[in-house]
>>> print(open('run_32.pdb').read())   # PDB, C-alpha atoms
MODEL        1
ATOM      1  CA  MET A   1      20.594  36.508 -62.964
ATOM      2  CA  LYS A   2      20.099  32.767 -63.089
ATOM      3  CA  ALA A   3      23.022  32.110 -60.730
ATOM      4  CA  SER A   4      21.821  34.841 -58.410
ATOM      5  CA  TRP A   5      18.394  33.213 -58.029
ATOM      6  CA  LYS A   6      19.974  29.857 -57.341
ATOM      7  CA  SER A   7      22.248  31.365 -54.725
ATOM      8  CA  CYS A   8      19.370  33.156 -53.039
ATOM      9  CA  ILE A   9      17.271  30.015 -52.819
ATOM     10  CA  ALA A  10      20.199  27.933 -51.598
ATOM     11  CA  LEU A  11      21.048  30.537 -48.981
ATOM     12  CA  LEU A  12      17.442  30.707 -47.862
ATOM     13  CA  CYS A  13      17.320  26.945 -47.502
ATOM     14  CA  VAL A  14      20.487  26.880 -45.406
ATOM     15  CA  LEU A  15      19.192  29.714 -43.241
ATOM     16  CA  ILE A  16      15.854  28.026 -42.638
ATOM     17  CA  ALA A  17      17.583  24.731 -41.934
ATOM     18  CA  CYS A  18      19.831  26.365 -39.340
ATOM     19  CA  ILE A  19      16.924  28.072 -37.610
ATOM     20  CA  ALA A  20      14.794  24.949 -37.710
ATOM     21  CA  TRP A  21      17.390  22.618 -36.293
ATOM     22  CA  SER A  22      18.983  24.897 -33.736
ATOM     23  CA  PRO A  23      16.509  24.081 -30.929
ATOM     24  CA  ALA A  24      17.275  20.393 -31.270
ATOM     25  CA  VAL A  25      21.012  20.964 -31.448
ATOM     26  CA  LEU A  26      21.111  23.482 -28.643
ATOM     27  CA  ALA A  27      18.635  21.648 -26.407
ATOM     28  CA  VAL A  28      19.848  21.331 -22.833
ATOM     29  CA  PRO A  29      20.493  17.667 -22.097
ATOM     30  CA  ALA A  30      18.903  15.969 -19.111
ATOM     31  CA  VAL A  31      20.606  16.998 -15.923
ATOM     32  CA  ALA A  32      22.303  14.174 -14.155
ATOM     33  CA  GLN A  33      21.480  13.720 -10.515
ATOM     34  CA  THR A  34      23.762  15.515  -8.157
ATOM     35  CA  ALA A  35      26.353  13.066  -7.003
ATOM     36  CA  ILE A  36      25.776  12.264  -3.368
ATOM     37  CA  GLY A  37      28.453  10.241  -1.706
ATOM     38  CA  PRO A  38      27.806   7.442   0.736
ATOM     39  CA  ILE A  39      28.607   7.640   4.413
ATOM     40  CA  VAL A  40      32.289   8.383   4.901
ATOM     41  CA  ALA A  41      34.054   5.101   4.319
ATOM     42  CA  ALA A  42      36.399   5.619   7.287
ATOM     43  CA  GLU A  43      33.411   5.487   9.629
ATOM     44  CA  ILE A  44      32.234   2.213   8.239
ATOM     45  CA  GLY A  45      35.274   0.020   8.712
ATOM     46  CA  PRO A  46      36.321  -2.893   6.555
ATOM     47  CA  LEU A  47      33.607  -4.514   4.488
ATOM     48  CA  GLY A  48      34.681  -8.068   5.035
ATOM     49  CA  THR A  49      31.502  -9.885   5.956
ATOM     50  CA  ASN A  50      30.807 -13.201   4.306
ATOM     51  CA  LYS A  51      27.102 -12.957   5.022
ATOM     52  CA  THR A  52      24.719 -12.589   2.100
ATOM     53  CA  ALA A  53      21.913 -10.026   1.976
ATOM     54  CA  GLU A  54      19.438 -12.845   2.541
ATOM     55  CA  GLN A  55      21.306 -14.100   5.588
ATOM     56  CA  ILE A  56      21.417 -10.609   7.046
ATOM     57  CA  ALA A  57      17.721 -10.001   6.374
ATOM     58  CA  ASN A  58      16.759 -13.333   7.935
ATOM     59  CA  ASP A  59      18.989 -13.054  10.998
ATOM     60  CA  PRO A  60      16.737 -13.310  14.097
ATOM     61  CA  THR A  61      18.223 -10.193  15.708
ATOM     62  CA  VAL A  62      17.769  -8.167  12.527
ATOM     63  CA  LYS A  63      14.254  -9.477  11.929
ATOM     64  CA  ALA A  64      13.248  -8.601  15.474
ATOM     65  CA  ALA A  65      14.728  -5.111  15.122
ATOM     66  CA  ILE A  66      12.903  -4.542  11.851
ATOM     67  CA  GLY A  67       9.667  -5.733  13.442
ATOM     68  CA  ALA A  68      10.143  -3.352  16.358
ATOM     69  CA  ALA A  69      10.926  -0.495  13.977
ATOM     70  CA  TRP A  70       7.761  -1.243  12.024
ATOM     71  CA  ASN A  71       5.675  -1.132  15.203
ATOM     72  CA  ASP A  72       7.308   2.158  16.184
ATOM     73  CA  SER A  73       6.454   3.601  12.754
ATOM     74  CA  ASN A  74       2.726   3.810  13.600
ATOM     75  CA  ALA A  75       2.007   2.755  10.047
ATOM     76  CA  ASP A  76      -1.712   2.442  10.693
ATOM     77  CA  ASN A  77      -2.044   6.001  11.948
ATOM     78  CA  ALA A  78      -2.390   8.392   9.031
ATOM     79  CA  THR A  79      -1.234  11.390  11.031
ATOM     80  CA  THR A  80       1.648   9.970  13.088
ATOM     81  CA  ARG A  81       3.142   7.398  10.745
ATOM     82  CA  HIS A  82       6.836   7.938  10.173
ATOM     83  CA  GLU A  83      10.018   6.145   9.195
ATOM     84  CA  GLU A  84      12.217   4.212  11.627
ATOM     85  CA  GLY A  85      15.480   2.457  10.916
ATOM     86  CA  GLY A  86      19.051   1.776  11.904
ATOM     87  CA  TRP A  87      22.453   0.298  11.173
ATOM     88  CA  ILE A  88      23.176  -3.406  11.096
ATOM     89  CA  TYR A  89      26.554  -4.234  12.605
ATOM     90  CA  GLU A  90      28.588  -7.399  12.621
ATOM     91  CA  ASP A  91      30.826  -7.866  15.645
ATOM     92  CA  ALA A  92      34.219  -9.525  15.716
ATOM     93  CA  ASP A  93      32.599 -12.927  16.332
ATOM     94  CA  GLY A  94      30.281 -12.635  13.341
ATOM     95  CA  ASN A  95      27.143 -11.850  15.364
ATOM     96  CA  LEU A  96      24.774  -9.217  14.042
ATOM     97  CA  THR A  97      23.583  -6.330  16.188
ATOM     98  CA  VAL A  98      21.508  -3.261  15.458
ATOM     99  CA  GLY A  99      21.938   0.426  16.246
ATOM    100  CA  ARG A 100      18.692   2.346  15.788
ATOM    101  CA  TRP A 101      18.471   5.848  14.330
ATOM    102  CA  PRO A 102      16.281   8.546  15.827
ATOM    103  CA  ALA A 103      12.725   8.515  14.527
ATOM    104  CA  GLY A 104      12.362  10.034  11.078
ATOM    105  CA  ASN A 105       9.562  11.944   9.430
ATOM    106  CA  ARG A 106       6.767  10.675   7.233
ATOM    107  CA  SER A 107       8.953   9.811   4.261
ATOM    108  CA  GLY A 108      12.551  10.199   5.352
ATOM    109  CA  ILE A 109      14.988   9.406   8.120
ATOM    110  CA  ASN A 110      18.384  10.696   9.101
ATOM    111  CA  ALA A 111      21.123   8.106   9.458
ATOM    112  CA  THR A 112      23.271   9.062  12.407
ATOM    113  CA  PRO A 113      27.000   8.317  12.167
ATOM    114  CA  PRO A 114      27.487   4.578  12.663
ATOM    115  CA  MET A 115      29.057   3.276  15.865
ATOM    116  CA  PRO A 116      29.973  -0.351  15.252
ATOM    117  CA  PRO A 117      31.177  -2.500  18.144
ATOM    118  CA  VAL A 118      34.917  -2.675  18.706
ATOM    119  CA  GLY A 119      36.388  -4.878  16.031
ATOM    120  CA  GLY A 120      33.082  -4.883  14.209
ATOM    121  CA  GLN A 121      31.752  -3.213  11.110
ATOM    122  CA  VAL A 122      28.635  -1.935   9.382
ATOM    123  CA  VAL A 123      27.179  -4.599   7.116
ATOM    124  CA  GLY A 124      23.817  -3.072   6.394
ATOM    125  CA  GLU A 125      20.989  -0.721   7.229
ATOM    126  CA  PHE A 126      17.238  -0.901   7.345
ATOM    127  CA  HIS A 127      14.310   1.457   7.519
ATOM    128  CA  THR A 128      10.558   1.404   7.236
ATOM    129  CA  HIS A 129       8.229   2.667   4.513
ATOM    130  CA  PRO A 130       4.893   3.222   6.231
ATOM    131  CA  ASN A 131       3.091   5.112   3.452
ATOM    132  CA  TRP A 132       2.718   2.592   0.648
ATOM    133  CA  HIS A 133      -0.621   0.789   0.715
ATOM    134  CA  PRO A 134      -1.544  -2.222  -1.408
ATOM    135  CA  PRO A 135      -2.687  -2.697  -4.061
ATOM    136  CA  ASP A 136      -1.971   0.564  -5.871
ATOM    137  CA  GLY A 137       0.260   2.361  -3.403
ATOM    138  CA  LYS A 138      -2.305   5.040  -2.567
ATOM    139  CA  ASP A 139      -2.813   6.076   1.021
ATOM    140  CA  GLU A 140      -6.044   7.230   2.691
ATOM    141  CA  ALA A 141      -5.717  10.692   1.142
ATOM    142  CA  GLY A 142      -5.228   9.285  -2.361
ATOM    143  CA  THR A 143      -1.542  10.173  -2.524
ATOM    144  CA  GLU A 144       0.324   7.684  -4.688
ATOM    145  CA  TRP A 145       3.463   6.132  -3.167
ATOM    146  CA  LYS A 146       5.860   3.957  -5.124
ATOM    147  CA  GLN A 147       6.966   0.741  -3.470
ATOM    148  CA  GLY A 148      10.578  -0.149  -2.779
ATOM    149  CA  PRO A 149      13.719   1.813  -1.987
ATOM    150  CA  SER A 150      13.899   5.327  -3.408
ATOM    151  CA  ASP A 151      16.759   6.443  -5.612
ATOM    152  CA  LYS A 152      18.115   8.306  -2.604
ATOM    153  CA  ASP A 153      17.925   5.167  -0.457
ATOM    154  CA  LYS A 154      20.066   3.365  -3.006
ATOM    155  CA  ASN A 155      22.490   6.225  -3.547
ATOM    156  CA  ALA A 156      23.021   6.901   0.141
ATOM    157  CA  LYS A 157      23.700   3.304   1.085
ATOM    158  CA  THR A 158      27.353   2.399   1.355
ATOM    159  CA  PRO A 159      28.359   0.124  -1.533
ATOM    160  CA  GLY A 160      28.961  -3.422  -0.396
ATOM    161  CA  THR A 161      26.469  -3.266   2.461
ATOM    162  CA  THR A 162      22.895  -4.525   2.511
ATOM    163  CA  GLY A 163      19.908  -2.215   2.541
ATOM    164  CA  ILE A 164      16.516  -3.414   3.719
ATOM    165  CA  VAL A 165      13.182  -1.611   3.562
ATOM    166  CA  LYS A 166      10.130  -2.840   5.400
ATOM    167  CA  ASP A 167       6.633  -1.992   4.190
ATOM    168  CA  ARG A 168       3.167  -3.519   4.424
ATOM    169  CA  SER A 169       4.041  -6.296   1.996
ATOM    170  CA  GLY A 170       7.208  -7.429   3.786
ATOM    171  CA  THR A 171      10.888  -6.624   3.374
ATOM    172  CA  THR A 172      12.909  -5.783   0.270
ATOM    173  CA  SER A 173      16.702  -5.934   0.107
ATOM    174  CA  TYR A 174      18.763  -3.719  -2.137
TER     175      TYR A 174
ATOM    176  CA  MET B   1      13.378  27.638 -70.588
ATOM    177  CA  GLN B   2      15.036  29.807 -67.940
ATOM    178  CA  LYS B   3      11.667  30.588 -66.301
ATOM    179  CA  ARG B   4      10.945  26.904 -66.048
ATOM    180  CA  ARG B   5      14.299  26.330 -64.298
ATOM    181  CA  TYR B   6      13.556  29.081 -61.818
ATOM    182  CA  LYS B   7      10.216  27.500 -61.068
ATOM    183  CA  VAL B   8      11.865  24.121 -60.469
ATOM    184  CA  TRP B   9      14.384  25.691 -58.104
ATOM    185  CA  LEU B  10      11.628  27.506 -56.262
ATOM    186  CA  LEU B  11       9.684  24.284 -55.959
ATOM    187  CA  VAL B  12      12.702  22.404 -54.623
ATOM    188  CA  GLY B  13      13.453  25.209 -52.185
ATOM    189  CA  THR B  14       9.916  25.264 -50.860
ATOM    190  CA  ALA B  15       9.930  21.494 -50.431
ATOM    191  CA  VAL B  16      13.214  21.582 -48.509
ATOM    192  CA  ILE B  17      11.975  24.357 -46.225
ATOM    193  CA  THR B  18       8.742  22.494 -45.544
ATOM    194  CA  LEU B  19      10.637  19.308 -44.710
ATOM    195  CA  MET B  20      13.020  21.133 -42.396
ATOM    196  CA  LEU B  21      10.213  22.817 -40.499
ATOM    197  CA  THR B  22       8.352  19.519 -40.175
ATOM    198  CA  PHE B  23      11.332  17.676 -38.703
ATOM    199  CA  ALA B  24      12.251  20.596 -36.496
ATOM    200  CA  GLY B  25       8.746  20.545 -35.066
ATOM    201  CA  CYS B  26       9.256  16.954 -33.976
ATOM    202  CA  GLY B  27      12.429  17.775 -32.075
ATOM    203  CA  SER B  28      11.388  20.945 -30.342
ATOM    204  CA  THR B  29       9.362  21.316 -27.149
ATOM    205  CA  GLY B  30       6.713  23.778 -26.159
ATOM    206  CA  ILE B  31       7.637  23.740 -22.481
ATOM    207  CA  SER B  32      11.244  24.478 -21.627
ATOM    208  CA  ARG B  33      13.173  22.703 -18.893
ATOM    209  CA  GLU B  34      13.027  25.791 -16.694
ATOM    210  CA  GLN B  35       9.291  26.186 -17.208
ATOM    211  CA  ALA B  36       8.778  22.528 -16.350
ATOM    212  CA  ILE B  37      10.724  22.926 -13.105
ATOM    213  CA  THR B  38       8.573  25.904 -12.157
ATOM    214  CA  ILE B  39       5.378  23.967 -12.883
ATOM    215  CA  ALA B  40       6.568  20.891 -10.979
ATOM    216  CA  THR B  41       7.702  22.931  -7.994
ATOM    217  CA  GLN B  42       4.342  24.666  -7.760
ATOM    218  CA  GLU B  43       2.540  21.335  -8.058
ATOM    219  CA  VAL B  44       4.504  19.828  -5.163
ATOM    220  CA  VAL B  45       3.950  22.922  -3.030
ATOM    221  CA  ASP B  46       0.217  22.852  -3.769
ATOM    222  CA  ASP B  47       0.037  19.117  -3.063
ATOM    223  CA  GLY B  48       1.532  19.720   0.373
ATOM    224  CA  VAL B  49       2.737  16.161   0.946
ATOM    225  CA  MET B  50       6.463  16.952   1.147
ATOM    226  CA  SER B  51       8.523  20.051   1.826
ATOM    227  CA  LEU B  52      11.074  20.994  -0.801
ATOM    228  CA  ASP B  53      13.546  22.316   1.765
ATOM    229  CA  GLY B  54      16.956  20.648   1.542
ATOM    230  CA  ARG B  55      16.296  18.972  -1.781
ATOM    231  CA  ASP B  56      18.028  18.866  -5.151
ATOM    232  CA  THR B  57      16.198  19.141  -8.463
ATOM    233  CA  VAL B  58      16.685  16.360 -10.985
ATOM    234  CA  VAL B  59      15.286  16.724 -14.506
ATOM    235  CA  VAL B  60      15.073  13.930 -17.041
ATOM    236  CA  GLU B  61      13.750  14.614 -20.540
ATOM    237  CA  GLU B  62      11.460  11.839 -21.745
ATOM    238  CA  ALA B  63       9.852  11.600 -25.189
ATOM    239  CA  THR B  64       6.649  13.452 -24.333
ATOM    240  CA  TYR B  65       7.179  14.804 -20.830
ATOM    241  CA  TRP B  66       9.663  16.227 -18.385
ATOM    242  CA  HIS B  67      10.268  13.981 -15.365
ATOM    243  CA  ILE B  68      11.242  16.114 -12.408
ATOM    244  CA  SER B  69      12.121  14.792  -8.972
ATOM    245  CA  PHE B  70      13.404  16.413  -5.804
ATOM    246  CA  PRO B  71      15.700  14.056  -3.838
ATOM    247  CA  TYR B  72      17.195  14.981  -0.480
ATOM    248  CA  SER B  73      20.520  16.788  -0.692
ATOM    249  CA  SER B  74      22.017  15.454   2.529
ATOM    250  CA  PRO B  75      24.046  12.250   2.167
ATOM    251  CA  LEU B  76      22.886  11.122   5.616
ATOM    252  CA  LEU B  77      19.216  11.283   4.782
ATOM    253  CA  ARG B  78      17.359   8.268   3.539
ATOM    254  CA  GLY B  79      13.933   8.787   2.116
ATOM    255  CA  GLY B  80      11.722   9.537  -0.771
ATOM    256  CA  GLU B  81      11.027  12.428  -3.057
ATOM    257  CA  PRO B  82       8.232  13.875  -5.146
ATOM    258  CA  HIS B  83       8.173  12.932  -8.828
ATOM    259  CA  VAL B  84       6.256  15.105 -11.271
ATOM    260  CA  TRP B  85       5.646  14.544 -14.985
ATOM    261  CA  VAL B  86       5.050  17.696 -17.014
ATOM    262  CA  ASP B  87       3.737  17.362 -20.574
ATOM    263  CA  LYS B  88       6.263  18.899 -22.971
ATOM    264  CA  THR B  89       3.601  20.316 -25.248
ATOM    265  CA  THR B  90       0.853  21.530 -22.948
ATOM    266  CA  GLY B  91       2.655  22.009 -19.633
ATOM    267  CA  ASN B  92      -0.018  19.971 -17.871
ATOM    268  CA  VAL B  93       1.000  17.800 -14.932
ATOM    269  CA  THR B  94       0.205  14.271 -16.102
ATOM    270  CA  ASN B  95       1.480  12.375 -13.059
ATOM    271  CA  ILE B  96       2.637  13.048  -9.540
ATOM    272  CA  TYR B  97       3.808  10.382  -7.140
ATOM    273  CA  TYR B  98       6.105   9.986  -4.162
ATOM    274  CA  THR B  99       8.773   7.591  -3.039
ATOM    275  CA  GLU B 100       9.673   6.809   0.556
TER     276      GLU B 100
ENDMDL
END
>>> encode(input="run_32.pdb", output="structure tokens")
Amino acid sequence: MKASWKSCIALLCVLIACIAWSPAVLAVPAVAQTAIGPIVAAEIGPLGTNKTAEQIANDPTVKAAIGAAWNDSNADNATTRHEEGGWIYEDADGNLTVGRWPAGNRSGINATPPMPPVGGQVVGEFHTHPNWHPPDGKDEAGTEWKQGPSDKDKNAKTPGTTGIVKDRSGTTSY
Amino acid sequence: MQKRRYKVWLLVGTAVITLMLTFAGCGSTGISREQAITIATQEVVDDGVMSLDGRDTVVVEEATYWHISFPYSSPLLRGGEPHVWVDKTTGNVTNIYYTE
């Protein structure tokens, strides 16, 4: 009788413990982001530039192109603002040129396949972020926008190249 | 003597069960991952800032909330996504913001 009671209590404890802990043990782990590959490497060409991200961002041709893209973004118009951007190429002589993408939508832009000059290569890309407003990121409608490149911006960029985003506060490289 | 032993065993058993249920309560969630996705999706649709067409769903479990975001699926697209925080206990949306 004594042993039977002990067994019953022990069994009950084990049973309760199993039931209690099973949700934690069986919990579905956080889902990792779907792997999204960069632009096909064969379309990019060799990544042999010796220019730094800062040098690329401060190149007069690139700065002018980013300025033009910002103007084209209509950032001050709440209804027509949209993203603009493009590839940054380096030609065989080391000069930087820009190939613009078609206009994007309010918070995204489609990178067309790159077409670097003969003997050149893609060394970077840029695009605008017209929605973020200082100081708290909220636009006229109160929608909160986070500053800086999105996770997708970072994931989509080809490793080894420079990404630049332009918003109201200036440019950010990534 | 035997009755006293039974009582001790019962006491120990009750204490163990209580402890187990207490700890299990800390590890479990009221809102499941699937429920959180449904809530977040509806919130983004209602907000109307971004379309969810052509987007993946990414779920990260934080200590007190589910962090759900909807990045573009296409590798050619650059751009932002909606981020929604859903309280794991109440199911309330505690934060919604967007990236560009």
>>> resolve_selection(input="run_32.pdb", expression="the PyMOL selection byres ((chain A and resi 96) around 10)", output="PyMOL selection string")
chain A and resi 56+59-62+88-95+97-98+120-124
>>> write_last_selection(input="run_32.pdb", atoms="C-alpha atoms", output="mmCIF file, in the frame of the given file")
data_model
loop_
_atom_site.group_PDB
_atom_site.id
_atom_site.type_symbol
_atom_site.label_atom_id
_atom_site.label_comp_id
_atom_site.auth_asym_id
_atom_site.auth_seq_id
_atom_site.Cartn_x
_atom_site.Cartn_y
_atom_site.Cartn_z
ATOM 1 C CA ILE A 56 21.417 -10.609 7.046
ATOM 2 C CA ASP A 59 18.989 -13.054 10.998
ATOM 3 C CA PRO A 60 16.737 -13.310 14.097
ATOM 4 C CA THR A 61 18.223 -10.193 15.708
ATOM 5 C CA VAL A 62 17.769 -8.167 12.527
ATOM 6 C CA ILE A 88 23.176 -3.406 11.096
ATOM 7 C CA TYR A 89 26.554 -4.234 12.605
ATOM 8 C CA GLU A 90 28.588 -7.399 12.621
ATOM 9 C CA ASP A 91 30.826 -7.866 15.645
ATOM 10 C CA ALA A 92 34.219 -9.525 15.716
ATOM 11 C CA ASP A 93 32.599 -12.927 16.332
ATOM 12 C CA GLY A 94 30.281 -12.635 13.341
ATOM 13 C CA ASN A 95 27.143 -11.850 15.364
ATOM 14 C CA THR A 97 23.583 -6.330 16.188
ATOM 15 C CA VAL A 98 21.508 -3.261 15.458
ATOM 16 C CA GLY A 120 33.082 -4.883 14.209
ATOM 17 C CA GLN A 121 31.752 -3.213 11.110
ATOM 18 C CA VAL A 122 28.635 -1.935 9.382
ATOM 19 C CA VAL A 123 27.179 -4.599 7.116
ATOM 20 C CA GLY A 124 23.817 -3.072 6.394
#
>>> resolve_selection(input="run_32.pdb", expression="the PyMOL selection byres ((chain A and resi 154) around 10)", output="PDB file with C-alpha atoms, in the coordinates of the input")
ATOM      1  CA  PRO A  38      27.806   7.442   0.736  1.00  0.00           C
ATOM      2  CA  PRO A 149      13.719   1.813  -1.987  1.00  0.00           C
ATOM      3  CA  SER A 150      13.899   5.327  -3.408  1.00  0.00           C
ATOM      4  CA  ASP A 151      16.759   6.443  -5.612  1.00  0.00           C
ATOM      5  CA  LYS A 152      18.115   8.306  -2.604  1.00  0.00           C
ATOM      6  CA  ASP A 153      17.925   5.167  -0.457  1.00  0.00           C
ATOM      7  CA  ASN A 155      22.490   6.225  -3.547  1.00  0.00           C
ATOM      8  CA  ALA A 156      23.021   6.901   0.141  1.00  0.00           C
ATOM      9  CA  LYS A 157      23.700   3.304   1.085  1.00  0.00           C
ATOM     10  CA  THR A 158      27.353   2.399   1.355  1.00  0.00           C
ATOM     11  CA  PRO A 159      28.359   0.124  -1.533  1.00  0.00           C
ATOM     12  CA  GLY A 163      19.908  -2.215   2.541  1.00  0.00           C
ATOM     13  CA  TYR A 174      18.763  -3.719  -2.137  1.00  0.00           C
TER      14      TYR A 174
ATOM     15  CA  ARG B  78      17.359   8.268   3.539  1.00  0.00           C
ATOM     16  CA  GLY B  79      13.933   8.787   2.116  1.00  0.00           C
TER      17      GLY B  79
END
>>> atom_distance(input="run_32.pdb", atom1="CA of Thr128 (chain A)", atom2="CA of Glu84 (chain A)")
5.5 Å
>>> closest_residue(input="run_32.pdb", among="B:Val84, B:Ser32, B:Trp9, B:Gly91", to="Asp47 (chain B)", atoms="only C-alpha atoms")
B:Val84
>>> closest_residue(input="run_32.pdb", among="B:Pro82, B:Gly54, B:Pro75, B:Gly30", to="chain A", atoms="only C-alpha atoms")
B:Pro75
>>> atom_distance(input="run_32.pdb", atom1="CA of Ile66 (chain A)", atom2="CA of Lys51 (chain A)")
17.9 Å
>>> resolve_selection(input="run_32.pdb", expression="the PyMOL selection byres ((chain A and resi 146) around 8)", output="ChimeraX atom specification")
/A:132,137,144-145,147-148 /B:97-100
>>> closest_residue(input="run_32.pdb", among="A:Ser73, A:Asn110, A:Thr49, A:Thr80", to="chain B", atoms="all atoms listed in the file")
A:Asn110
>>> atom_distance(input="run_32.pdb", atom1="CA of Ile164 (chain A)", atom2="CA of His127 (chain A)")
6.6 Å
>>> axis_aligned_box(input="run_32.pdb", around="region 48-51 of chain B", padding_each_side="3 Å", output="AutoDock Vina command-line options")
--center_x 5.0 --center_y 18.1 --center_z 1.1 --size_x 13.0 --size_y 9.9 --size_z 7.5
>>> residues_around(input="run_32.pdb", residues="Gln35 (chain B)", least_positions_apart="4", cutoff="10 Å", atoms="only C-alpha atoms", output="list in words")
Gly30, Ile31, Ile39, Ala40, Thr41, Val86, Lys88 and Gly91 of chain B
>>> write_last_selection(input="run_32.pdb", atoms="C-alpha atoms", output="mmCIF file, in the coordinates of the input")
data_model
loop_
_atom_site.group_PDB
_atom_site.id
_atom_site.type_symbol
_atom_site.label_atom_id
_atom_site.label_comp_id
_atom_site.auth_asym_id
_atom_site.auth_seq_id
_atom_site.Cartn_x
_atom_site.Cartn_y
_atom_site.Cartn_z
ATOM 1 C CA GLY B 30 6.713 23.778 -26.159
ATOM 2 C CA ILE B 31 7.637 23.740 -22.481
ATOM 3 C CA ILE B 39 5.378 23.967 -12.883
ATOM 4 C CA ALA B 40 6.568 20.891 -10.979
ATOM 5 C CA THR B 41 7.702 22.931 -7.994
ATOM 6 C CA VAL B 86 5.050 17.696 -17.014
ATOM 7 C CA LYS B 88 6.263 18.899 -22.971
ATOM 8 C CA GLY B 91 2.655 22.009 -19.633
#
>>> residues_around(input="run_32.pdb", residues="Trp70 (chain A)", least_positions_apart="6", cutoff="12 Å", atoms="all atoms listed in the file", output="ChimeraX atom specification")
/A:63-64,76,81-86,103,126-131,165-171
>>> closest_residue(input="run_32.pdb", among="B:Val8, B:Val58, B:Ala63, B:Thr94", to="chain A", atoms="all atoms listed in the file")
B:Val58
>>> build_atoms(input="run_32.pdb", residues="region 54-65 of chain A", atoms="N, CA and C atoms", output="PDB file, keeping the file's coordinate frame")
ATOM      1  N   GLU A  54      20.531 -12.002   2.049  1.00  0.00           N
ATOM      2  CA  GLU A  54      19.438 -12.845   2.541  1.00  0.00           C
ATOM      3  C   GLU A  54      19.716 -13.299   3.974  1.00  0.00           C
ATOM      4  N   GLN A  55      20.951 -13.671   4.231  1.00  0.00           N
ATOM      5  CA  GLN A  55      21.306 -14.100   5.588  1.00  0.00           C
ATOM      6  C   GLN A  55      21.148 -12.961   6.581  1.00  0.00           C
ATOM      7  N   ILE A  56      21.541 -11.768   6.156  1.00  0.00           N
ATOM      8  CA  ILE A  56      21.417 -10.609   7.046  1.00  0.00           C
ATOM      9  C   ILE A  56      19.941 -10.303   7.300  1.00  0.00           C
ATOM     10  N   ALA A  57      19.153 -10.326   6.226  1.00  0.00           N
ATOM     11  CA  ALA A  57      17.721 -10.001   6.374  1.00  0.00           C
ATOM     12  C   ALA A  57      16.990 -11.026   7.227  1.00  0.00           C
ATOM     13  N   ASN A  58      17.442 -12.266   7.190  1.00  0.00           N
ATOM     14  CA  ASN A  58      16.759 -13.333   7.935  1.00  0.00           C
ATOM     15  C   ASN A  58      17.365 -13.601   9.305  1.00  0.00           C
ATOM     16  N   ASP A  59      18.396 -12.871   9.669  1.00  0.00           N
ATOM     17  CA  ASP A  59      18.989 -13.054  10.998  1.00  0.00           C
ATOM     18  C   ASP A  59      17.941 -12.705  12.056  1.00  0.00           C
ATOM     19  N   PRO A  60      17.781 -13.551  13.091  1.00  0.00           N
ATOM     20  CA  PRO A  60      16.737 -13.310  14.097  1.00  0.00           C
ATOM     21  C   PRO A  60      16.837 -11.930  14.763  1.00  0.00           C
ATOM     22  N   THR A  61      18.054 -11.503  15.070  1.00  0.00           N
ATOM     23  CA  THR A  61      18.223 -10.193  15.708  1.00  0.00           C
ATOM     24  C   THR A  61      17.772  -9.073  14.781  1.00  0.00           C
ATOM     25  N   VAL A  62      18.136  -9.190  13.507  1.00  0.00           N
ATOM     26  CA  VAL A  62      17.769  -8.167  12.527  1.00  0.00           C
ATOM     27  C   VAL A  62      16.262  -8.179  12.283  1.00  0.00           C
ATOM     28  N   LYS A  63      15.703  -9.380  12.165  1.00  0.00           N
ATOM     29  CA  LYS A  63      14.254  -9.477  11.929  1.00  0.00           C
ATOM     30  C   LYS A  63      13.467  -8.866  13.084  1.00  0.00           C
ATOM     31  N   ALA A  64      13.941  -9.155  14.297  1.00  0.00           N
ATOM     32  CA  ALA A  64      13.248  -8.601  15.474  1.00  0.00           C
ATOM     33  C   ALA A  64      13.358  -7.074  15.495  1.00  0.00           C
ATOM     34  N   ALA A  65      14.529  -6.568  15.126  1.00  0.00           N
ATOM     35  CA  ALA A  65      14.728  -5.111  15.122  1.00  0.00           C
ATOM     36  C   ALA A  65      13.857  -4.449  14.055  1.00  0.00           C
TER      37      ALA A  65
END
